[in-house]
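Undergrad: This one is data-v1.txt, compact mmCIF, C-alpha atoms.
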# COMPACT_ATOMS: atom_id res chain seq x y z
CA MET A 26 -13.03 -5.70 -2.56
CA ILE A 27 -11.35 -9.04 -3.09
CA PRO A 28 -7.55 -8.74 -3.24
CA PRO A 29 -6.20 -9.17 -6.78
CA LEU A 30 -3.38 -11.49 -5.69
CA SER A 31 -3.18 -14.36 -3.26
CA ASN A 32 -0.44 -16.84 -2.42
CA VAL A 33 -1.21 -18.83 0.72
CA TYR A 34 1.83 -20.53 2.24
CA ASP A 35 1.90 -22.81 5.26
CA LEU A 36 4.60 -21.33 7.49
CA SER A 37 4.98 -24.63 9.33
CA ASP A 38 6.57 -25.90 6.08
CA VAL A 39 9.40 -23.31 6.18
CA PRO A 40 12.64 -25.32 6.32
CA ASP A 41 15.44 -24.38 8.70
CA ALA A 42 17.41 -22.99 5.75
CA GLY A 43 14.49 -20.73 4.82
CA ALA A 44 12.34 -20.52 1.73
CA GLU A 45 12.07 -18.16 -1.23
CA VAL A 46 8.81 -17.48 -3.04
CA VAL A 47 8.36 -15.32 -6.13
CA ILE A 48 5.02 -13.69 -6.90
CA ALA A 49 4.86 -12.56 -10.52
CA PRO A 50 1.25 -12.08 -11.67
CA ASN A 51 0.18 -12.78 -15.23
CA ALA A 52 -1.45 -10.14 -17.49
CA GLY A 53 -4.97 -10.79 -16.19
CA GLN A 54 -3.86 -10.55 -12.56
CA ARG A 55 -1.94 -7.32 -13.32
CA THR A 56 -5.14 -5.88 -14.84
CA ARG A 57 -7.05 -6.71 -11.63
CA LEU A 58 -4.15 -5.28 -9.59
CA ALA A 59 -4.35 -2.02 -11.57
CA GLU A 60 -8.10 -1.75 -10.94
CA TRP A 61 -7.61 -2.52 -7.25
CA ALA A 62 -4.82 0.07 -6.88
CA GLY A 63 -6.65 2.73 -8.90
CA VAL A 64 -3.99 3.07 -11.61
CA ASP A 65 -4.31 2.85 -15.39
CA ALA A 66 -2.03 -0.19 -15.77
CA VAL A 67 0.52 -2.35 -13.99
CA GLU A 68 2.99 -3.32 -16.70
CA HIS A 69 5.28 -5.33 -14.41
CA PHE A 70 5.03 -6.57 -10.83
CA GLU A 71 7.34 -8.96 -9.04
CA GLY A 72 7.68 -9.74 -5.37
CA ARG A 73 10.56 -11.88 -4.12
CA ILE A 74 9.87 -13.13 -0.61
CA VAL A 75 12.37 -14.77 1.71
CA LEU A 76 10.93 -16.58 4.73
CA GLN A 77 13.09 -17.53 7.72
CA ARG A 78 12.08 -19.54 10.75
CA ARG A 79 13.17 -17.66 13.90
CA SER A 80 11.58 -20.06 16.39
CA ALA A 81 8.72 -22.55 16.52
CA ASN A 82 6.17 -19.74 16.23
CA ARG A 83 8.11 -16.75 14.83
CA PHE A 84 8.94 -16.14 11.19
CA ALA A 85 10.80 -13.38 9.36
CA TYR A 86 9.18 -12.13 6.14
CA GLU A 87 11.48 -10.09 3.89
CA ALA A 88 10.44 -9.09 0.38
CA THR A 89 11.66 -6.92 -2.45
CA ILE A 90 9.10 -5.51 -4.83
CA ALA A 91 9.61 -4.10 -8.31
CA ALA A 92 6.67 -2.70 -10.25
CA ASP A 93 6.08 -0.54 -13.30
CA VAL A 94 2.82 1.39 -13.24
CA VAL A 95 1.03 3.78 -15.58
CA GLN A 96 -1.16 6.53 -14.16
CA SER A 97 -2.87 9.60 -15.57
CA CYS A 98 -1.26 12.96 -14.85
CA VAL A 99 -3.53 14.93 -12.51
CA VAL A 100 -2.94 18.11 -14.56
CA THR A 101 -2.82 17.03 -18.21
CA LEU A 102 -4.22 13.46 -18.09
CA GLU A 103 -1.14 12.28 -20.05
CA PRO A 104 0.11 8.80 -19.14
CA VAL A 105 2.78 8.88 -16.44
CA HIS A 106 5.09 5.85 -16.25
CA SER A 107 6.80 5.16 -12.96
CA HIS A 108 8.97 2.43 -11.50
CA LEU A 109 8.48 1.41 -7.89
CA ALA A 110 11.13 -0.55 -6.01
CA PHE A 111 11.03 -1.10 -2.26
CA ASN A 112 11.47 -3.63 0.54
CA VAL A 113 8.94 -5.06 2.96
CA GLU A 114 9.92 -6.59 6.30
CA ARG A 115 7.63 -8.20 8.83
CA LEU A 116 8.11 -10.38 11.85
CA LEU A 117 5.23 -12.86 12.08
CA HIS A 118 4.25 -14.38 15.40
CA LEU A 119 1.96 -17.41 15.30
CA SER A 120 -0.27 -16.97 18.32
CA THR A 121 -1.12 -19.93 20.52
CA ARG A 122 -3.98 -18.05 22.15
CA PRO A 123 -7.43 -19.40 21.38
CA ALA A 124 -9.29 -17.44 18.74
CA ALA A 125 -11.94 -16.38 21.26
CA ARG A 126 -9.37 -14.31 23.20
CA ARG A 127 -7.94 -12.28 20.34
CA LEU A 128 -6.88 -8.78 21.15
CA SER A 129 -8.98 -5.88 19.96
CA ASN A 130 -7.52 -3.34 17.54
CA HIS A 131 -6.75 -0.97 20.43
CA GLU A 132 -5.34 -3.51 22.88
CA LEU A 133 -1.68 -4.51 22.90
CA ALA A 134 -0.32 -7.78 24.14
CA PRO A 135 1.73 -7.30 27.31
CA ASP A 136 4.88 -8.56 25.59
CA ALA A 137 4.16 -7.19 22.12
CA ASP A 138 7.29 -6.38 20.16
CA GLU A 139 7.39 -3.32 17.95
CA GLY A 140 6.78 -4.43 14.39
CA THR A 141 5.61 -7.94 15.22
CA GLU A 142 2.47 -9.02 13.41
CA GLU A 143 0.39 -11.57 15.27
CA ILE A 144 -1.23 -14.23 13.09
CA GLN A 145 -3.72 -16.91 14.15
CA ASP A 146 -3.03 -19.56 11.52
CA SER A 147 0.16 -20.99 10.03
CA ARG A 148 -1.43 -20.61 6.58
CA PHE A 149 -0.42 -17.05 5.69
CA ASP A 150 -1.18 -15.14 2.48
CA LEU A 151 2.24 -13.92 1.34
CA ALA A 152 0.71 -11.45 -1.14
CA VAL A 153 -1.05 -9.34 1.52
CA PRO A 154 2.03 -7.43 2.77
CA LEU A 155 3.10 -6.86 -0.85
CA LEU A 156 -0.31 -5.41 -1.72
CA GLU A 157 -0.42 -3.21 1.39
CA ASP A 158 2.94 -1.61 0.70
CA PHE A 159 2.31 -1.39 -3.06
CA ALA A 160 -0.89 0.58 -2.43
CA LEU A 161 1.02 2.96 -0.14
CA ALA A 162 3.85 3.40 -2.67
CA VAL A 163 1.61 4.45 -5.58
CA ASP A 164 1.71 8.23 -6.06
CA PRO A 165 -1.79 9.58 -5.35
CA TYR A 166 -1.15 12.72 -7.48
CA PRO A 167 1.12 11.77 -10.39
CA ARG A 168 2.38 14.52 -12.68
CA ALA A 169 4.03 14.27 -16.06
CA PRO A 170 7.64 15.47 -16.04
CA GLY A 171 7.88 19.28 -16.13
CA VAL A 172 4.15 19.83 -15.59
CA VAL A 173 3.30 22.44 -12.98
CA PHE A 174 -0.21 23.07 -11.77
CA GLU A 175 -1.19 26.70 -12.25
CA PRO A 176 -4.53 27.62 -10.72
CA HIS A 177 -6.92 29.72 -12.76
CA VAL A 178 -6.69 33.35 -11.65
CA ASP A 179 -9.77 35.51 -12.17
CA PRO A 180 -8.58 38.90 -13.50
CA LYS A 181 -11.48 40.69 -11.81
CA PRO A 182 -11.57 40.08 -8.05
CA ARG A 183 -14.89 38.86 -6.74
CA GLU A 184 -16.93 40.98 -4.42
CA THR A 185 -17.19 39.58 -0.93
CA PRO A 186 -20.50 39.35 0.94
CA PHE A 187 -19.20 42.02 3.31
CA ALA A 188 -18.66 44.53 0.49
CA VAL A 189 -22.24 45.79 0.98
CA LEU A 190 -21.26 46.82 4.51
CA LYS A 191 -18.34 48.97 3.33
CA PRO A 192 -20.52 52.06 2.60
CA LEU A 193 -21.94 51.83 6.12
CA LYS A 194 -18.45 51.94 7.61
CA ALA A 195 -17.55 54.96 5.44
CA ARG A 196 -20.61 56.93 6.81
CA LYS A 197 -19.42 56.66 10.42
Written as structure tokens, how would this file's structure read?
TA:
Amino acid sequence: MIPPLSNVYDLSDVPDAGAEVVIAPNAGQRTRLAEWAGVDAVEHFEGRIVLQRRSANRFAYEATIAADVVQSCVVTLEPVHSHLAFNVERLLHLSTRPAARRLSNHELAPDADEGTEEIQDSRFDLAVPLLEDFALAVDPYPRAPGVVFEPHVDPKPRETPFAVLKPLKARK
């Protein structure tokens, strides 16, 4: 599925003082974001990203996200409104390796830092980390306040398949 938001930024343009980018989708983009995330609605979404140049090929990506989402309660199907607020931090390393020698998903670079994300192009989509962490922050089983799931209890216990063997055991 095509991501609902995109904001490509050329990291080689990050000034020494850093750069700030705000991603605030319009109503149509929030509708696509809600469909993509599997929620009823995204009433508000804003990502504030601060980019810092750490070296010629390393960049710090720090973002704060605030979002208001509406989901259906898994018990009653009532609308559940929730506010999400969290931070995203990434260290981006622009690789100078040729594209033909990229590492596989299971192979680590010998000098790989924990938490460093290797990128192949200075043109980086700033919305991708926001979307990844937003999808992880959405509650997969939202419940309306005070709602408790109570499973249906059958008053008459069911007979097990082994119940037919019970008379045989009694004869021994």
Undergrad: Check which residues of segment 49-97 of chain A sit at most 12 Å from segment 168-173 of chain A using all atoms listed in the file, and return one row each with the closest pair of atoms and their distance in Å to one decimal, ordered by chain and rising number, as CSV.
TA:
residue,atom,partner,partner_atom,distance
A:Val95,CA,A:Ala169,CA,10.9
A:Gln96,CA,A:Arg168,CA,8.9
A:Ser97,CA,A:Arg168,CA,7.8
Undergrad: Smallest atom-to-atom distance to Cys98 of chain A: which of A:Glu71, A:Glu60, A:Glu142, A:Asp65, using all atoms listed in the file?
TA: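 Comparing A:Glu71, A:Glu60, A:Glu142, A:Asp65 against Cys98 of chain A, the winner is A:Asp65.
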Undergrad: Might you pull out every residue within 7 Å of Pro29 of chain A, with only C-alpha atoms counted and same-chain residues fewer than 6 positions away left off, and present them as a PyMOL selection string?
TA: chain A and resi 54+57-58+61
Undergrad: Deliver the residues from the most recent selection as a file, using C-alpha atoms, as an mmCIF file, in the coordinates of the input.
TA:
data_model
loop_
_atom_site.group_PDB
_atom_site.id
_atom_site.type_symbol
_atom_site.label_atom_id
_atom_site.label_comp_id
_atom_site.auth_asym_id
_atom_site.auth_seq_id
_atom_site.Cartn_x
_atom_site.Cartn_y
_atom_site.Cartn_z
ATOM 1 C CA GLN A 54 -3.860 -10.550 -12.560
ATOM 2 C CA ARG A 57 -7.050 -6.710 -11.630
ATOM 3 C CA LEU A 58 -4.150 -5.280 -9.590
ATOM 4 C CA TRP A 61 -7.610 -2.520 -7.250
#
Undergrad: So, with only C-alpha atoms as the atoms that count, which of A:Leu102, A:Ala92, A:Val189, A:Ile74 lies closest to Tyr34 of chain A?
TA: A:Ile74
Undergrad: Which residues are close to Asp150 of chain A, i.e. within 8 Å by all atoms listed in the file, leaving aside same-chain residues fewer than 5 positions away? Reply as a list in words.
TA: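 Contacts, in chain order: Ser31, Asn32, Val33 and Tyr34 of chain A.
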Undergrad: Calculate how many Å separate atom CA of Pro28 of chain A from atom CA of Ala152 of chain A, rounding to one decimal.
TA: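 Atom CA of Ala152 of chain A lies 8.9 Å from atom CA of Pro28 of chain A.
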